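Enquirer: Please find target-v9.txt (compact mmCIF, C-alpha atoms) on the next line:
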```
# COMPACT_ATOMS: atom_id res chain seq x y z
CA MET A 27 -63.94 -50.46 -60.15
CA ALA A 28 -65.25 -47.03 -59.26
CA PRO A 29 -62.98 -44.02 -59.88
CA ALA A 30 -62.79 -43.19 -56.17
CA ALA A 31 -61.74 -46.75 -55.37
CA ALA A 32 -59.20 -46.75 -58.19
CA SER A 33 -57.60 -43.56 -56.97
CA GLY A 34 -57.43 -44.47 -53.30
CA GLY A 35 -60.56 -42.63 -52.21
CA SER A 36 -61.51 -38.99 -52.41
CA SER A 37 -59.19 -37.80 -49.64
CA LEU A 38 -55.47 -37.54 -49.24
CA PRO A 39 -53.69 -40.07 -47.05
CA SER A 40 -51.61 -39.08 -44.07
CA GLY A 41 -48.91 -40.87 -42.15
CA PHE A 42 -47.26 -43.88 -43.67
CA SER A 43 -50.42 -44.77 -45.60
CA VAL A 44 -48.93 -42.48 -48.26
CA PHE A 45 -46.66 -45.39 -49.15
CA VAL A 46 -49.50 -47.87 -49.70
CA THR A 47 -52.22 -45.69 -51.25
CA PHE A 48 -52.45 -45.34 -55.03
CA PRO A 49 -51.62 -42.86 -56.66
CA ASP A 50 -49.64 -41.45 -53.73
CA LEU A 51 -47.45 -44.53 -53.83
CA LEU A 52 -46.00 -43.04 -57.03
CA PHE A 53 -44.26 -40.36 -54.95
CA ILE A 54 -41.55 -42.92 -54.24
CA PHE A 55 -40.90 -43.62 -57.93
CA GLU A 56 -41.07 -39.92 -58.85
CA PHE A 57 -38.52 -39.27 -56.10
CA ILE A 58 -36.17 -42.04 -57.30
CA PHE A 59 -36.32 -41.40 -61.03
CA GLY A 60 -36.35 -37.61 -60.61
CA GLY A 61 -33.22 -37.91 -58.47
CA LEU A 62 -31.56 -40.07 -61.11
CA VAL A 63 -32.32 -37.49 -63.80
CA TRP A 64 -30.91 -34.74 -61.57
CA ILE A 65 -27.71 -36.71 -60.91
CA LEU A 66 -27.21 -37.68 -64.55
CA ILE A 67 -27.80 -34.16 -65.87
CA ALA A 68 -25.51 -32.68 -63.23
CA SER A 69 -22.71 -35.11 -64.08
CA SER A 70 -23.05 -35.07 -67.87
CA LEU A 71 -21.20 -32.85 -70.28
CA VAL A 72 -23.41 -29.99 -71.37
CA PRO A 73 -23.71 -29.86 -75.18
CA ILE A 74 -26.33 -27.07 -75.20
CA ALA A 75 -26.36 -25.06 -71.99
CA LEU A 76 -29.85 -23.57 -72.40
CA ILE A 77 -31.53 -26.93 -72.96
CA GLN A 78 -29.66 -28.67 -70.19
CA GLY A 79 -30.36 -25.74 -67.88
CA TRP A 80 -34.11 -26.23 -68.37
CA VAL A 81 -33.78 -29.97 -67.77
CA MET A 82 -31.78 -29.29 -64.61
CA PHE A 83 -34.36 -26.75 -63.39
CA VAL A 84 -37.23 -29.19 -63.99
CA SER A 85 -35.49 -32.09 -62.29
CA VAL A 86 -34.48 -30.04 -59.22
CA PHE A 87 -37.84 -28.25 -58.95
CA CYS A 88 -39.85 -31.47 -59.22
CA PHE A 89 -37.51 -33.35 -56.87
CA VAL A 90 -37.82 -30.68 -54.18
CA ALA A 91 -41.57 -30.18 -54.66
CA THR A 92 -42.28 -33.92 -54.69
CA THR A 93 -40.19 -34.42 -51.56
CA SER A 94 -41.94 -31.51 -49.84
CA LEU A 95 -45.42 -32.77 -50.74
CA MET A 96 -44.56 -36.30 -49.64
CA VAL A 97 -43.26 -35.08 -46.27
CA MET A 98 -46.28 -32.81 -45.78
CA TYR A 99 -48.63 -35.71 -46.54
CA ILE A 100 -46.77 -37.97 -44.11
CA ILE A 101 -47.01 -35.46 -41.26
CA GLY A 102 -50.66 -34.72 -42.14
CA THR A 103 -50.33 -31.03 -42.93
CA HIS A 104 -53.33 -31.17 -45.27
CA GLY A 105 -55.76 -31.92 -42.43
CA GLY A 106 -58.21 -33.54 -44.85
CA GLU A 107 -59.04 -30.27 -46.61
CA THR A 108 -60.19 -30.48 -50.22
CA SER A 109 -57.98 -27.58 -51.30
CA TRP A 110 -54.99 -29.90 -50.93
CA ILE A 111 -56.57 -32.31 -53.41
CA THR A 112 -56.72 -29.44 -55.89
CA LEU A 113 -53.09 -28.55 -55.13
CA ASP A 114 -52.05 -32.18 -55.64
CA ALA A 115 -53.82 -32.41 -59.01
CA ALA A 116 -52.48 -29.05 -60.20
CA TYR A 117 -48.91 -29.82 -59.14
CA HIS A 118 -48.84 -33.20 -60.84
CA CYS A 119 -50.28 -31.78 -64.07
CA VAL A 120 -47.63 -29.04 -64.13
CA ALA A 121 -44.87 -31.51 -63.22
CA ALA A 122 -45.99 -33.88 -65.99
CA LEU A 123 -45.88 -31.06 -68.55
CA PHE A 124 -42.51 -29.83 -67.29
CA TYR A 125 -41.01 -33.32 -67.39
CA LEU A 126 -42.42 -33.99 -70.86
CA SER A 127 -40.80 -30.82 -72.19
CA ALA A 128 -37.54 -31.61 -70.40
CA SER A 129 -37.51 -35.17 -71.75
CA VAL A 130 -38.04 -34.04 -75.32
CA LEU A 131 -35.37 -31.34 -75.04
CA GLU A 132 -32.87 -33.73 -73.43
CA ALA A 133 -33.49 -36.23 -76.23
CA LEU A 134 -32.86 -33.44 -78.76
CA ALA A 135 -29.64 -32.44 -77.03
CA THR A 136 -28.49 -36.06 -77.01
CA ILE A 137 -29.28 -36.52 -80.69
CA MET A 138 -27.33 -33.35 -81.49
CA MET A 139 -24.18 -34.63 -79.75
CA HIS A 140 -21.61 -35.04 -82.50
CA ASP A 141 -17.86 -34.75 -82.51
CA GLY A 142 -15.88 -34.08 -79.37
CA TYR A 143 -17.95 -36.22 -77.03
CA THR A 144 -16.86 -39.56 -75.65
CA TYR A 145 -18.85 -42.76 -75.61
CA LYS A 146 -19.32 -42.39 -71.83
CA GLN A 147 -20.70 -38.85 -72.11
CA TYR A 148 -23.13 -39.94 -74.83
CA HIS A 149 -24.36 -42.84 -72.69
CA GLU A 150 -24.83 -40.59 -69.66
CA ASN A 151 -27.11 -38.40 -71.74
CA ILE A 152 -28.99 -41.42 -73.10
CA SER A 153 -29.52 -42.63 -69.52
CA ALA A 154 -30.78 -39.17 -68.55
CA VAL A 155 -33.26 -39.27 -71.45
CA VAL A 156 -34.55 -42.72 -70.51
CA PHE A 157 -34.96 -41.85 -66.83
CA ALA A 158 -36.60 -38.52 -67.73
CA TYR A 159 -39.20 -40.34 -69.83
CA VAL A 160 -39.80 -42.85 -67.02
CA ALA A 161 -40.25 -39.97 -64.55
CA THR A 162 -42.62 -38.32 -67.04
CA LEU A 163 -44.68 -41.50 -67.18
CA PHE A 164 -44.97 -41.64 -63.38
CA TYR A 165 -45.96 -37.97 -63.19
CA VAL A 166 -48.58 -38.40 -65.94
CA VAL A 167 -50.13 -41.44 -64.23
CA HIS A 168 -50.11 -39.62 -60.89
CA ALA A 169 -51.69 -36.55 -62.53
CA VAL A 170 -54.47 -38.59 -64.15
CA PHE A 171 -55.41 -40.33 -60.90
CA SER A 172 -55.08 -37.09 -58.93
CA LEU A 173 -57.53 -35.49 -61.37
CA ILE A 174 -59.91 -38.41 -60.86
CA ARG A 175 -59.61 -37.95 -57.09
CA TRP A 176 -60.14 -34.18 -57.48
CA LYS A 177 -63.26 -34.71 -59.60
CA SER A 178 -64.75 -37.15 -57.08
CA SER A 179 -64.04 -34.90 -54.07
```
Starting from the coordinates I provided, produce the structure as structure tokens.
Expert:
Amino acid sequence: MAPAAASGGSSLPSGFSVFVTFPDLLFIFEFIFGGLVWILIASSLVPIALIQGWVMFVSVFCFVATTSLMVMYIIGTHGGETSWITLDAAYHCVAALFYLSASVLEALATIMMHDGYTYKQYHENISAVVFAYVATLFYVVHAVFSLIRWKSS
């Protein structure tokens, strides 16, 4: 399969074709798992404020940016311009790096939870780590295929 065919062509979709075109279909999963990370971090007990602050920033930033991009693609703001393909690739590369750093730091914070934390609080943080790594995976896959689309445009 050619790279352009694997990545859904060399142009960005508009309208509801965003939900059926790969890799743009991944917006849905990034939205869901990013939202879960945001909810779990917001509701968990904060063992290390600086680490959890970064994780919260990443989850909120990526949730808002992903939602904004998805809505702009649906309404066709990009108008078929190639600069939006570059923006898409750059955003997903940055988001993948941000989420990777947040996932590692959240795992570190969870490992460092010792005395004074309940079983429920520990499991909330473990869930946040798992969902952060799943979100990272989706952002990395989206970034790779966005880069393929960018190279073929």
Enquirer: Take CA of Val86 in chain A and CA of Gly105 in chain A and report the distance between them in Å, one decimal.
Expert: 27.2 Å
Enquirer: Can you work out which one of A:Ser129, A:Ala121, A:Val72, A:His104 has the shortest atom-to-atom distance to Tyr165 in chain A, counting only C-alpha atoms?
Expert: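 That would be A:Ala121, the residue with the smallest distance to Tyr165 in chain A.
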Enquirer: Give me the residues near His118 in chain A as a PyMOL selection string, where near means some atom within 8 Å (using only C-alpha atoms) and where sequence neighbours in that chain fewer than 2 positions away do not count.
Expert: chain A and resi 114-116+120-122+165-166+168-169+172
Enquirer: Could you name the residues that touch Tyr148 in chain A at 9 Å or less, counting only C-alpha atoms, but leaving out those on the same chain fewer than 2 positions away, as a list of chain:residue names?
Expert: A:Ser70, A:Leu71, A:Thr136, A:Met139, A:Tyr143, A:Thr144, A:Tyr145, A:Lys146, A:Glu150, A:Asn151, A:Ile152, A:Ser153
Enquirer: For Leu123 in chain A, which residue out of A:Leu52, A:Ile67, A:Met138, A:Cys88 is the nearest one, using only C-alpha atoms?
Expert: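 Counting only C-alpha atoms, the residue closest to Leu123 in chain A is A:Cys88.
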Enquirer: Show which residues sit within 7 Å of Ile100 in chain A, as a list in words. Count all atoms listed in the file, and ignore same-chain residues fewer than 4 positions away.
Expert: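 The residues that qualify are Ser40, Gly41, Phe42, Val44 and Met96 of chain A.
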Enquirer: Looking at A:Gln78, A:Ser178, A:Ser94, A:Ser37, which one is nearest to Ser127 in chain A, with distances taken over all atoms listed in the file?
Expert: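 For Ser127 in chain A, the nearest of the candidates is A:Gln78.
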Enquirer: Take CA of Thr92 in chain A and CA of Ala133 in chain A and report the distance between them in Å, one decimal.
Expert: 23.4 Å
Enquirer: From the set A:Val167, A:Gly102, A:Met82, A:Val155, which residue has the shortest atom-to-atom contact distance to Ala135 in chain A, counting only C-alpha atoms?
Expert: A:Val155
